[in-house]
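Working notes, structure below.
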2 protein chains.
Amino acid sequence: MAGTDSTQTAAAPGGPAIILVKPQLSENIGTAARAMLNCGLTDLRLVAPRDHWLEERAFAAASGADRVLLAAKVFDTTEAAIADLHRVWGTTGRNRFMTKAVETPRQAAATMRSATAGGLACGVLFGPERTGLENDDVVLADTVLTVPLNPAYASLNLAQAVLLVGYEWFQCDAADTLPSMTKGAEPPAGKDKLVFFFDHLERELDACGFLRNPEKRPVMVRNIRNMFQRAELTGQEIQTLHGIVTELVTYRHRKGGSHT
Amino acid sequence: MAGTDSTQTAAAPGGPAIILVKPQLSENIGTAARAMLNCGLTDLRLVAPRDHWLEERAFAAASGADRVLLAAKVFDTTEAAIADLHRVWGTTGRNRFMTKAVETPRQAAATMRSATAGGLACGVLFGPERTGLENDDVVLADTVLTVPLNPAYASLNLAQAVLLVGYEWFQCDAADTLPSMTKGAEPPAGKDKLVFFFDHLERELDACGFLRNPEKRPVMVRNIRNMFQRAELTGQEIQTLHGIVTELVTYRHRKGGSHT
């Protein structure tokens, strides 16, 4: 797993800085750190947090993402926190009546990817929990970032806003990396094995009388085959099905036999 | 604002049910409810939650999404919670060594949009906070849902997992999706019908001795359920399977009877 880990960590170089402006609750800083590490982000910056923000509650909420918390940089002002960055987004759910480009997290992620590929450093500003970013902070951003959500109830928890931004940033690269079947899964069996099972099943269904109606038989056989066909059965699973049919039949014979 | 509210609520008809299996913390149920409403989802279902889950801490965490909490339905079993659904996803970060299709939240959202456009009811299972879904619950899902995240630190908070699923569902535009079934095809049966067939089959497999080894029984049952689960059986097909099992058994009894 070490190899996989380092590959994946390396897959997220130059991810955006996450800048929490005047966060009020240590828990939220911890949960944001956890969401960041979920998405391979590690550059956490805090503007004027409360005293003692790095307390036990922050670590409890970070749930193992301690290194992000411990490496967090603290600044007095938003200007100082973004001094080394080239492109900054300001997250806001409300209209600020400013003329400024707006992007969704998905659009912003694509912009970030190309900006970082071009050697530019990016960052995203998040405001305090209840009030959001002040207009003076929004002005410092190149682009407003707004999450399209149910407008009747669009208020996102701080850490969840961080998660959505980080998630989109991570997906922008990782979209194709997930296998389409569970890992380690056996591939579907060859069709010869499937047909061999069909023969077995239909022989027994003829014997017990399930297919006794000659007019309906072809359609019934087709429907039954279609069901099993669709399940993309593995060789092991086909063996199990053989076993089920055989046991039912053997038991029938055993039971029949015991009466003779 | 009332007009906007009703429009937006209407913009999310038939959104997936969010099913929390054995959630341990009231706060997480509340935060999940908040994340759901952010994304226009309201069908919250709880399987065997702790007593007193609907406590003050849940409402505090829901932060205004009270109506989702108050409308939550409680069930004793996962089977009961998904009985009226046609397509179910099971969220898991770990490999379960089962042969089952995997989708990302984005892929699942597209599938859900076309399924609901075709009149099918969808749902997503989320396991308990520390342990995740049990394998017996994963088996009941058609598809495994996995969020592509930093594999070095992929453990998502429960409410954040709910948020990502809801977020992708909300982002996905129904207009772009194709129906997932050929026109005229019968839709998959409700999960209640499938579970009822499982019960029938397993009762007969117990009777004939196929499941006689008590140590192997749970894995065998899981494997058998998984095969049939994957076939996306219609109601008619499930009837056929009932018929197959019944005929084999009836014939056995008839044959046994003829010897007495």
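By convention here, the chains of the structure tokens are called A, B, ... in the order presented, each chain's residues are numbered starting at 1, and ligands are numbered starting at 1 in the order presented.
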Expressed to one decimal, the C-alpha RMSD of chain A after its least-squares fit on chain B over all C-alpha atoms in order is 24.2 Å
Original post:
Do you know which residues are at most 6 Å from range 17-32 of chain A counting only C-alpha atoms, after dropping those on the same chain fewer than 6 positions away, and could you put them as a PyMOL selection string?
Top reply: chain A and resi 43-49+53+57-59+61-62+123-128+159
Any chance you could export the current selection's N, CA, C and O atoms as a PDB file, in the first residue's frame?
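Written file, out.pdb:
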ATOM      1  N   ASP A  43      -2.327  22.255   2.504  1.00  0.00           N
ATOM      2  CA  ASP A  43      -1.932  23.642   2.793  1.00  0.00           C
ATOM      3  C   ASP A  43      -3.094  24.401   3.442  1.00  0.00           C
ATOM      4  O   ASP A  43      -3.898  25.038   2.772  1.00  0.00           O
ATOM      5  N   LEU A  44      -3.163  24.303   4.789  1.00  0.00           N
ATOM      6  CA  LEU A  44      -4.231  24.966   5.541  1.00  0.00           C
ATOM      7  C   LEU A  44      -3.719  26.292   6.103  1.00  0.00           C
ATOM      8  O   LEU A  44      -2.639  26.340   6.699  1.00  0.00           O
ATOM      9  N   ARG A  45      -4.476  27.333   5.909  1.00  0.00           N
ATOM     10  CA  ARG A  45      -4.100  28.663   6.410  1.00  0.00           C
ATOM     11  C   ARG A  45      -5.271  29.256   7.183  1.00  0.00           C
ATOM     12  O   ARG A  45      -6.425  29.148   6.764  1.00  0.00           O
ATOM     13  N   LEU A  46      -4.970  29.883   8.312  1.00  0.00           N
ATOM     14  CA  LEU A  46      -6.014  30.469   9.147  1.00  0.00           C
ATOM     15  C   LEU A  46      -5.756  31.959   9.285  1.00  0.00           C
ATOM     16  O   LEU A  46      -4.630  32.375   9.587  1.00  0.00           O
ATOM     17  N   VAL A  47      -6.786  32.746   9.073  1.00  0.00           N
ATOM     18  CA  VAL A  47      -6.678  34.187   9.267  1.00  0.00           C
ATOM     19  C   VAL A  47      -7.361  34.550  10.575  1.00  0.00           C
ATOM     20  O   VAL A  47      -8.566  34.306  10.734  1.00  0.00           O
ATOM     21  N   ALA A  48      -6.575  35.084  11.512  1.00  0.00           N
ATOM     22  CA  ALA A  48      -7.118  35.567  12.790  1.00  0.00           C
ATOM     23  C   ALA A  48      -8.064  34.576  13.452  1.00  0.00           C
ATOM     24  O   ALA A  48      -9.225  34.911  13.750  1.00  0.00           O
ATOM     25  N   PRO A  49      -7.623  33.339  13.676  1.00  0.00           N
ATOM     26  CA  PRO A  49      -8.491  32.402  14.401  1.00  0.00           C
ATOM     27  C   PRO A  49      -8.585  32.819  15.865  1.00  0.00           C
ATOM     28  O   PRO A  49      -7.801  33.660  16.329  1.00  0.00           O
ATOM     29  N   TRP A  53      -7.181  27.881  19.318  1.00  0.00           N
ATOM     30  CA  TRP A  53      -7.907  27.100  18.305  1.00  0.00           C
ATOM     31  C   TRP A  53      -7.338  25.699  18.159  1.00  0.00           C
ATOM     32  O   TRP A  53      -8.046  24.761  17.819  1.00  0.00           O
ATOM     33  N   ARG A  57     -10.393  19.624  20.891  1.00  0.00           N
ATOM     34  CA  ARG A  57     -11.571  19.443  20.039  1.00  0.00           C
ATOM     35  C   ARG A  57     -11.236  19.490  18.548  1.00  0.00           C
ATOM     36  O   ARG A  57     -11.886  18.847  17.735  1.00  0.00           O
ATOM     37  N   ALA A  58     -10.228  20.281  18.218  1.00  0.00           N
ATOM     38  CA  ALA A  58      -9.813  20.347  16.812  1.00  0.00           C
ATOM     39  C   ALA A  58      -9.219  19.008  16.383  1.00  0.00           C
ATOM     40  O   ALA A  58      -9.536  18.487  15.308  1.00  0.00           O
ATOM     41  N   PHE A  59      -8.375  18.428  17.243  1.00  0.00           N
ATOM     42  CA  PHE A  59      -7.753  17.148  16.895  1.00  0.00           C
ATOM     43  C   PHE A  59      -8.787  16.025  16.860  1.00  0.00           C
ATOM     44  O   PHE A  59      -8.736  15.143  15.996  1.00  0.00           O
ATOM     45  N   ALA A  61     -11.886  16.285  16.028  1.00  0.00           N
ATOM     46  CA  ALA A  61     -12.663  16.432  14.795  1.00  0.00           C
ATOM     47  C   ALA A  61     -11.813  16.089  13.566  1.00  0.00           C
ATOM     48  O   ALA A  61     -12.345  15.626  12.552  1.00  0.00           O
ATOM     49  N   ALA A  62     -10.511  16.313  13.674  1.00  0.00           N
ATOM     50  CA  ALA A  62      -9.640  16.035  12.525  1.00  0.00           C
ATOM     51  C   ALA A  62      -9.523  14.537  12.301  1.00  0.00           C
ATOM     52  O   ALA A  62      -9.203  14.088  11.192  1.00  0.00           O
ATOM     53  N   GLY A 123      -5.518  29.416  -4.265  1.00  0.00           N
ATOM     54  CA  GLY A 123      -6.068  29.325  -2.918  1.00  0.00           C
ATOM     55  C   GLY A 123      -7.544  29.671  -2.909  1.00  0.00           C
ATOM     56  O   GLY A 123      -8.046  30.348  -3.806  1.00  0.00           O
ATOM     57  N   VAL A 124      -8.249  29.156  -1.901  1.00  0.00           N
ATOM     58  CA  VAL A 124      -9.691  29.396  -1.785  1.00  0.00           C
ATOM     59  C   VAL A 124      -9.985  29.947  -0.400  1.00  0.00           C
ATOM     60  O   VAL A 124      -9.583  29.360   0.613  1.00  0.00           O
ATOM     61  N   LEU A 125     -10.695  31.074  -0.357  1.00  0.00           N
ATOM     62  CA  LEU A 125     -11.066  31.727   0.899  1.00  0.00           C
ATOM     63  C   LEU A 125     -12.437  31.250   1.364  1.00  0.00           C
ATOM     64  O   LEU A 125     -13.391  31.211   0.580  1.00  0.00           O
ATOM     65  N   PHE A 126     -12.528  30.917   2.656  1.00  0.00           N
ATOM     66  CA  PHE A 126     -13.806  30.559   3.281  1.00  0.00           C
ATOM     67  C   PHE A 126     -14.037  31.489   4.466  1.00  0.00           C
ATOM     68  O   PHE A 126     -13.134  31.677   5.289  1.00  0.00           O
ATOM     69  N   GLY A 127     -15.233  32.047   4.577  1.00  0.00           N
ATOM     70  CA  GLY A 127     -15.521  33.003   5.641  1.00  0.00           C
ATOM     71  C   GLY A 127     -15.910  32.349   6.954  1.00  0.00           C
ATOM     72  O   GLY A 127     -15.994  31.125   7.044  1.00  0.00           O
ATOM     73  N   PRO A 128     -16.151  33.180   7.984  1.00  0.00           N
ATOM     74  CA  PRO A 128     -16.585  32.663   9.285  1.00  0.00           C
ATOM     75  C   PRO A 128     -17.931  31.944   9.162  1.00  0.00           C
ATOM     76  O   PRO A 128     -18.733  32.249   8.260  1.00  0.00           O
ATOM     77  N   ALA A 159     -16.948  23.014   6.975  1.00  0.00           N
ATOM     78  CA  ALA A 159     -16.133  21.871   6.541  1.00  0.00           C
ATOM     79  C   ALA A 159     -16.724  21.210   5.299  1.00  0.00           C
ATOM     80  O   ALA A 159     -15.988  20.658   4.468  1.00  0.00           O
TER      81      ALA A 159
END
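Contact shell of range 208-213 of chain B at 10 Å (only C-alpha atoms; same-chain neighbours under 3 positions omitted): A:Thr240, A:Gly243, A:Ile244, A:Val245, A:Thr246, A:Glu247, A:Leu248, A:Val249, A:Thr250, A:Tyr251, A:Arg252, A:Lys255, B:Glu202, B:Arg203, B:Glu204, B:Leu205, B:Lys216, B:Arg217, B:Pro218, B:Met220, B:Val221, B:Val249.
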Might you pull out every residue within 12 Å of Ala65 in chain B, with only C-alpha atoms counted and same-chain residues fewer than 5 positions away left off, and present them as a ChimeraX atom specification? /A:152-156 /B:29-42,44,58-60,70-72
Let's have the selection written as an mmCIF file, in the first residue's frame, with N, CA, C and O atoms.
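Below you can see out_38.cif, which holds the result:
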data_model
loop_
_atom_site.group_PDB
_atom_site.id
_atom_site.type_symbol
_atom_site.label_atom_id
_atom_site.label_comp_id
_atom_site.auth_asym_id
_atom_site.auth_seq_id
_atom_site.Cartn_x
_atom_site.Cartn_y
_atom_site.Cartn_z
ATOM 1 N N ALA A 152 -33.446 27.043 -1.629
ATOM 2 C CA ALA A 152 -34.316 27.168 -0.461
ATOM 3 C C ALA A 152 -33.564 26.808 0.819
ATOM 4 O O ALA A 152 -34.027 27.107 1.923
ATOM 5 N N TYR A 153 -32.415 26.178 0.676
ATOM 6 C CA TYR A 153 -31.645 25.771 1.864
ATOM 7 C C TYR A 153 -30.210 25.525 1.432
ATOM 8 O O TYR A 153 -29.756 24.392 1.305
ATOM 9 N N ALA A 154 -29.488 26.608 1.190
ATOM 10 C CA ALA A 154 -28.166 26.489 0.588
ATOM 11 C C ALA A 154 -27.044 26.658 1.601
ATOM 12 O O ALA A 154 -25.874 26.571 1.250
ATOM 13 N N SER A 155 -27.375 26.882 2.859
ATOM 14 C CA SER A 155 -26.336 27.155 3.850
ATOM 15 C C SER A 155 -25.527 25.903 4.175
ATOM 16 O O SER A 155 -26.023 24.957 4.760
ATOM 17 N N LEU A 156 -24.261 25.926 3.740
ATOM 18 C CA LEU A 156 -23.367 24.780 3.946
ATOM 19 C C LEU A 156 -22.545 24.983 5.206
ATOM 20 O O LEU A 156 -22.056 26.087 5.470
ATOM 21 N N ILE B 29 -26.743 12.147 12.342
ATOM 22 C CA ILE B 29 -28.046 12.082 11.678
ATOM 23 C C ILE B 29 -28.501 13.497 11.335
ATOM 24 O O ILE B 29 -28.978 13.769 10.238
ATOM 25 N N GLY B 30 -28.301 14.414 12.277
ATOM 26 C CA GLY B 30 -28.687 15.807 12.036
ATOM 27 C C GLY B 30 -27.881 16.432 10.904
ATOM 28 O O GLY B 30 -28.435 17.111 10.030
ATOM 29 N N THR B 31 -26.576 16.209 10.917
ATOM 30 C CA THR B 31 -25.735 16.799 9.873
ATOM 31 C C THR B 31 -26.050 16.179 8.521
ATOM 32 O O THR B 31 -26.021 16.861 7.494
ATOM 33 N N ALA B 32 -26.367 14.898 8.519
ATOM 34 C CA ALA B 32 -26.756 14.243 7.266
ATOM 35 C C ALA B 32 -28.061 14.842 6.740
ATOM 36 O O ALA B 32 -28.200 15.095 5.537
ATOM 37 N N ALA B 33 -29.004 15.114 7.644
ATOM 38 C CA ALA B 33 -30.277 15.723 7.242
ATOM 39 C C ALA B 33 -30.026 17.097 6.620
ATOM 40 O O ALA B 33 -30.634 17.466 5.611
ATOM 41 N N ARG B 34 -29.115 17.853 7.222
ATOM 42 C CA ARG B 34 -28.777 19.170 6.690
ATOM 43 C C ARG B 34 -28.185 19.042 5.286
ATOM 44 O O ARG B 34 -28.574 19.767 4.367
ATOM 45 N N ALA B 35 -27.240 18.114 5.130
ATOM 46 C CA ALA B 35 -26.611 17.901 3.819
ATOM 47 C C ALA B 35 -27.646 17.474 2.782
ATOM 48 O O ALA B 35 -27.600 17.892 1.627
ATOM 49 N N MET B 36 -28.605 16.643 3.215
ATOM 50 C CA MET B 36 -29.662 16.207 2.294
ATOM 51 C C MET B 36 -30.460 17.398 1.786
ATOM 52 O O MET B 36 -30.670 17.566 0.583
ATOM 53 N N LEU B 37 -30.907 18.243 2.714
ATOM 54 C CA LEU B 37 -31.756 19.371 2.309
ATOM 55 C C LEU B 37 -30.954 20.353 1.442
ATOM 56 O O LEU B 37 -31.506 20.956 0.524
ATOM 57 N N ASN B 38 -29.667 20.498 1.721
ATOM 58 C CA ASN B 38 -28.801 21.301 0.841
ATOM 59 C C ASN B 38 -28.937 20.854 -0.612
ATOM 60 O O ASN B 38 -28.809 21.648 -1.533
ATOM 61 N N CYS B 39 -29.156 19.568 -0.784
ATOM 62 C CA CYS B 39 -29.171 18.993 -2.128
ATOM 63 C C CYS B 39 -30.598 18.664 -2.585
ATOM 64 O O CYS B 39 -30.791 17.945 -3.569
ATOM 65 N N GLY B 40 -31.582 19.161 -1.849
ATOM 66 C CA GLY B 40 -32.963 18.946 -2.256
ATOM 67 C C GLY B 40 -33.489 17.547 -1.975
ATOM 68 O O GLY B 40 -34.507 17.146 -2.530
ATOM 69 N N LEU B 41 -32.822 16.795 -1.103
ATOM 70 C CA LEU B 41 -33.283 15.442 -0.760
ATOM 71 C C LEU B 41 -34.019 15.464 0.576
ATOM 72 O O LEU B 41 -33.607 16.172 1.501
ATOM 73 N N THR B 42 -35.092 14.676 0.675
ATOM 74 C CA THR B 42 -35.879 14.711 1.914
ATOM 75 C C THR B 42 -36.244 13.324 2.455
ATOM 76 O O THR B 42 -36.772 13.220 3.553
ATOM 77 N N LEU B 44 -35.341 10.520 4.254
ATOM 78 C CA LEU B 44 -34.342 9.972 5.179
ATOM 79 C C LEU B 44 -34.915 8.730 5.856
ATOM 80 O O LEU B 44 -36.044 8.751 6.355
ATOM 81 N N ALA B 58 -29.426 16.226 17.632
ATOM 82 C CA ALA B 58 -29.725 16.000 16.213
ATOM 83 C C ALA B 58 -30.270 17.277 15.584
ATOM 84 O O ALA B 58 -29.847 17.674 14.489
ATOM 85 N N PHE B 59 -31.183 17.947 16.292
ATOM 86 C CA PHE B 59 -31.772 19.172 15.749
ATOM 87 C C PHE B 59 -30.734 20.288 15.662
ATOM 88 O O PHE B 59 -30.715 21.060 14.701
ATOM 89 N N ALA B 60 -29.858 20.366 16.664
ATOM 90 C CA ALA B 60 -28.816 21.397 16.624
ATOM 91 C C ALA B 60 -27.934 21.196 15.404
ATOM 92 O O ALA B 60 -27.602 22.145 14.688
ATOM 93 N N LEU B 70 -37.772 15.205 11.131
ATOM 94 C CA LEU B 70 -39.107 14.856 11.644
ATOM 95 C C LEU B 70 -39.824 13.867 10.731
ATOM 96 O O LEU B 70 -40.671 13.110 11.180
ATOM 97 N N ALA B 71 -39.476 13.896 9.446
ATOM 98 C CA ALA B 71 -40.130 12.988 8.496
ATOM 99 C C ALA B 71 -39.365 11.682 8.319
ATOM 100 O O ALA B 71 -39.767 10.828 7.525
ATOM 101 N N ALA B 72 -38.259 11.507 9.033
ATOM 102 C CA ALA B 72 -37.446 10.294 8.872
ATOM 103 C C ALA B 72 -38.264 9.060 9.244
ATOM 104 O O ALA B 72 -39.036 9.079 10.203
#
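Interatomic distance, CA of Ile224 in chain A to CA of Ala189 in chain A: 17.7 Å.
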Shell around Pro105 in chain B at 9 Å using only C-alpha atoms, local window under 6 positions removed, as a list in words
Leu145, Thr146, Val147, Pro148, Leu164, Val165, Gly166, Tyr167, Glu168 and Trp169 of chain B
Correct to one decimal, the distance CA of Leu194 in chain A-CA of Ile238 in chain A is 7.0 Å
Just the strand (DSSP E) stuff from range 43-132 of chain B, please, per backbone DSSP, written as an MDAnalysis selection string. chainID B and resid 44:47 73:75 87:91 101:103 122:126
Go ahead and save the residues from that selection, with N, CA, C and O atoms, as a short mmCIF file (atom, residue, chain, number, x, y, z; two decimals), in the first residue's frame.
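That gives us out_31.cif:
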data_model
loop_
_atom_site.label_atom_id
_atom_site.label_comp_id
_atom_site.auth_asym_id
_atom_site.auth_seq_id
_atom_site.Cartn_x
_atom_site.Cartn_y
_atom_site.Cartn_z
N LEU B 44 -35.34 10.52 4.25
CA LEU B 44 -34.34 9.97 5.18
C LEU B 44 -34.91 8.73 5.86
O LEU B 44 -36.04 8.75 6.36
N ARG B 45 -34.13 7.65 5.85
CA ARG B 45 -34.57 6.40 6.49
C ARG B 45 -33.47 5.91 7.42
O ARG B 45 -32.29 5.97 7.07
N LEU B 46 -33.86 5.44 8.57
CA LEU B 46 -32.90 4.96 9.56
C LEU B 46 -33.18 3.50 9.87
O LEU B 46 -34.32 3.12 10.11
N VAL B 47 -32.14 2.68 9.85
CA VAL B 47 -32.28 1.28 10.21
C VAL B 47 -31.70 1.09 11.61
O VAL B 47 -30.51 1.37 11.83
N LYS B 73 -38.08 7.99 8.46
CA LYS B 73 -38.77 6.74 8.75
C LYS B 73 -37.77 5.76 9.39
O LYS B 73 -36.63 5.67 8.95
N VAL B 74 -38.22 5.05 10.39
CA VAL B 74 -37.35 4.12 11.11
C VAL B 74 -37.76 2.68 10.81
O VAL B 74 -38.95 2.36 10.79
N PHE B 75 -36.78 1.83 10.55
CA PHE B 75 -37.02 0.43 10.23
C PHE B 75 -36.16 -0.47 11.12
O PHE B 75 -35.10 -0.06 11.58
N ARG B 87 -33.70 0.30 -7.14
CA ARG B 87 -32.25 0.30 -7.36
C ARG B 87 -31.58 0.83 -6.11
O ARG B 87 -31.89 1.92 -5.64
N VAL B 88 -30.61 0.05 -5.61
CA VAL B 88 -29.98 0.41 -4.35
C VAL B 88 -28.46 0.42 -4.51
O VAL B 88 -27.89 -0.48 -5.13
N TRP B 89 -27.82 1.46 -3.96
CA TRP B 89 -26.37 1.55 -3.91
C TRP B 89 -25.91 1.31 -2.47
O TRP B 89 -26.58 1.75 -1.53
N GLY B 90 -24.78 0.66 -2.30
CA GLY B 90 -24.19 0.49 -0.98
C GLY B 90 -22.85 1.21 -0.94
O GLY B 90 -21.95 0.88 -1.70
N THR B 91 -22.73 2.20 -0.06
CA THR B 91 -21.47 2.95 0.00
C THR B 91 -20.44 2.18 0.81
O THR B 91 -20.73 1.70 1.90
N ALA B 101 -20.91 -4.43 -9.50
CA ALA B 101 -20.55 -3.20 -10.21
C ALA B 101 -20.22 -2.09 -9.22
O ALA B 101 -20.79 -2.04 -8.13
N VAL B 102 -19.28 -1.23 -9.58
CA VAL B 102 -18.89 -0.10 -8.74
C VAL B 102 -19.16 1.19 -9.51
O VAL B 102 -18.90 1.27 -10.70
N GLU B 103 -19.69 2.18 -8.81
CA GLU B 103 -19.83 3.50 -9.41
C GLU B 103 -19.31 4.57 -8.47
O GLU B 103 -19.34 4.41 -7.25
N CYS B 122 -35.00 4.96 -6.12
CA CYS B 122 -33.59 4.67 -5.80
C CYS B 122 -33.30 4.95 -4.33
O CYS B 122 -34.01 5.72 -3.69
N GLY B 123 -32.24 4.32 -3.84
CA GLY B 123 -31.80 4.59 -2.47
C GLY B 123 -30.33 4.28 -2.31
O GLY B 123 -29.77 3.49 -3.06
N VAL B 124 -29.72 4.93 -1.32
CA VAL B 124 -28.30 4.72 -1.04
C VAL B 124 -28.13 4.35 0.42
O VAL B 124 -28.62 5.06 1.31
N LEU B 125 -27.43 3.22 0.65
CA LEU B 125 -27.18 2.73 2.00
C LEU B 125 -25.85 3.27 2.52
O LEU B 125 -24.84 3.23 1.82
N PHE B 126 -25.87 3.76 3.76
CA PHE B 126 -24.64 4.21 4.44
C PHE B 126 -24.51 3.43 5.74
O PHE B 126 -25.48 3.33 6.51
#
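The spacing separating CA of Leu241 in chain B from CA of Thr99 in chain B amounts to 21.4 Å.
Closest to Met227 in chain B among B:Phe170, B:Pro151, B:Gly190, B:Met98 is B:Met98, based on only C-alpha atoms.
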Sel. of alpha helix (DSSP H) residues, range 13-254 of chain B, as a compact mmCIF listing (two decimals) with C-alpha atoms, in the first residue's frame:
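Saved to result.txt:
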# COMPACT_ATOMS: atom_id res chain seq x y z
CA SER B 26 -27.46 11.82 16.76
CA GLU B 27 -25.26 14.68 15.57
CA ASN B 28 -24.39 12.74 12.44
CA ILE B 29 -28.05 12.08 11.68
CA GLY B 30 -28.69 15.81 12.04
CA THR B 31 -25.73 16.80 9.87
CA ALA B 32 -26.76 14.24 7.27
CA ALA B 33 -30.28 15.72 7.24
CA ARG B 34 -28.78 19.17 6.69
CA ALA B 35 -26.61 17.90 3.82
CA MET B 36 -29.66 16.21 2.29
CA LEU B 37 -31.76 19.37 2.31
CA ASN B 38 -28.80 21.30 0.84
CA GLU B 56 -31.70 18.00 20.85
CA ARG B 57 -28.24 17.30 19.45
CA ALA B 58 -29.73 16.00 16.21
CA PHE B 59 -31.77 19.17 15.75
CA ALA B 60 -28.82 21.40 16.62
CA ALA B 61 -26.71 19.66 13.99
CA ALA B 62 -29.52 19.74 11.44
CA ASP B 66 -35.77 19.90 11.02
CA ARG B 67 -38.42 18.78 8.60
CA VAL B 68 -36.11 16.13 7.15
CA LEU B 69 -35.44 14.77 10.66
CA LEU B 70 -39.11 14.86 11.64
CA THR B 78 -32.24 -3.01 5.97
CA GLU B 79 -34.53 -5.31 3.99
CA ALA B 80 -37.58 -3.46 5.29
CA ALA B 81 -35.99 -0.06 4.63
CA PRO B 105 -21.02 9.34 -6.87
CA ARG B 106 -20.97 11.11 -10.23
CA GLN B 107 -21.68 7.94 -12.20
CA ALA B 108 -24.31 6.88 -9.68
CA ALA B 109 -26.00 10.28 -9.97
CA ALA B 110 -26.39 9.83 -13.72
CA THR B 111 -27.74 6.33 -13.20
CA MET B 112 -30.19 7.61 -10.55
CA ARG B 113 -31.41 10.39 -12.82
CA SER B 114 -32.21 8.01 -15.63
CA ALA B 115 -33.68 5.43 -13.26
CA THR B 116 -36.00 7.97 -11.64
CA ALA B 117 -36.89 9.34 -15.08
CA ASN B 135 -21.39 -7.46 4.00
CA ASP B 136 -24.98 -8.69 4.36
CA ASP B 137 -26.13 -5.13 3.63
CA VAL B 138 -23.71 -4.65 0.73
CA VAL B 139 -25.16 -7.81 -0.82
CA LEU B 158 -20.89 9.95 7.56
CA ALA B 159 -22.56 13.28 6.79
CA GLN B 160 -19.83 14.16 4.32
CA ALA B 161 -20.42 10.94 2.43
CA VAL B 162 -24.13 11.80 2.32
CA LEU B 163 -23.26 15.30 1.11
CA LEU B 164 -21.12 14.06 -1.78
CA VAL B 165 -23.82 11.67 -2.98
CA GLY B 166 -26.50 14.36 -2.72
CA TYR B 167 -24.26 17.00 -4.27
CA GLU B 168 -23.58 14.88 -7.35
CA TRP B 169 -27.24 14.06 -7.63
CA PHE B 170 -28.12 17.75 -7.51
CA GLN B 171 -25.44 18.68 -10.07
CA LYS B 191 -36.51 -5.14 -3.27
CA ASP B 192 -39.29 -6.61 -1.16
CA LYS B 193 -39.99 -9.13 -3.92
CA LEU B 194 -36.32 -10.04 -4.18
CA VAL B 195 -35.95 -10.55 -0.44
CA PHE B 196 -39.10 -12.68 -0.42
CA PHE B 197 -37.52 -14.90 -3.08
CA PHE B 198 -34.27 -15.11 -1.11
CA ASP B 199 -36.28 -16.36 1.87
CA HIS B 200 -38.01 -18.98 -0.25
CA LEU B 201 -34.82 -20.22 -1.88
CA GLU B 202 -32.84 -20.34 1.35
CA ARG B 203 -35.62 -22.20 3.14
CA GLU B 204 -35.51 -24.89 0.47
CA LEU B 205 -31.71 -24.97 0.43
CA ASP B 206 -31.78 -25.50 4.18
CA ALA B 207 -34.35 -28.27 3.77
CA CYS B 208 -32.38 -30.17 1.14
CA ARG B 217 -23.64 -20.93 5.54
CA PRO B 218 -23.37 -17.12 5.89
CA VAL B 219 -20.84 -16.80 3.06
CA MET B 220 -22.79 -19.17 0.84
CA VAL B 221 -26.03 -17.27 1.42
CA ARG B 222 -24.27 -14.00 0.68
CA ASN B 223 -22.79 -15.35 -2.55
CA ILE B 224 -26.10 -16.75 -3.73
CA ARG B 225 -27.95 -13.51 -2.93
CA ASN B 226 -25.28 -11.52 -4.70
CA MET B 227 -25.70 -13.48 -7.94
CA PHE B 228 -29.44 -12.94 -8.10
CA GLN B 229 -29.10 -9.35 -6.91
CA ARG B 230 -26.86 -8.57 -9.85
CA GLY B 235 -41.21 -9.13 -11.02
CA GLN B 236 -42.07 -11.67 -13.72
CA GLU B 237 -38.61 -13.20 -13.56
CA ILE B 238 -38.78 -13.50 -9.80
CA GLN B 239 -42.10 -15.28 -10.24
CA THR B 240 -40.40 -17.69 -12.64
CA LEU B 241 -37.66 -18.38 -10.09
CA HIS B 242 -40.27 -19.04 -7.40
CA GLY B 243 -41.88 -21.43 -9.84
CA ILE B 244 -38.63 -23.25 -10.53
CA VAL B 245 -37.91 -23.76 -6.83
CA THR B 246 -41.49 -24.74 -6.06
CA GLU B 247 -41.72 -27.23 -8.90
CA LEU B 248 -38.50 -28.93 -7.93
CA VAL B 249 -39.71 -29.21 -4.36
CA THR B 250 -43.28 -30.21 -5.20
CA TYR B 251 -42.03 -32.89 -7.57
CA ARG B 252 -39.77 -34.14 -4.83
CA HIS B 253 -42.72 -34.39 -2.47
CA ARG B 254 -44.96 -35.93 -5.14
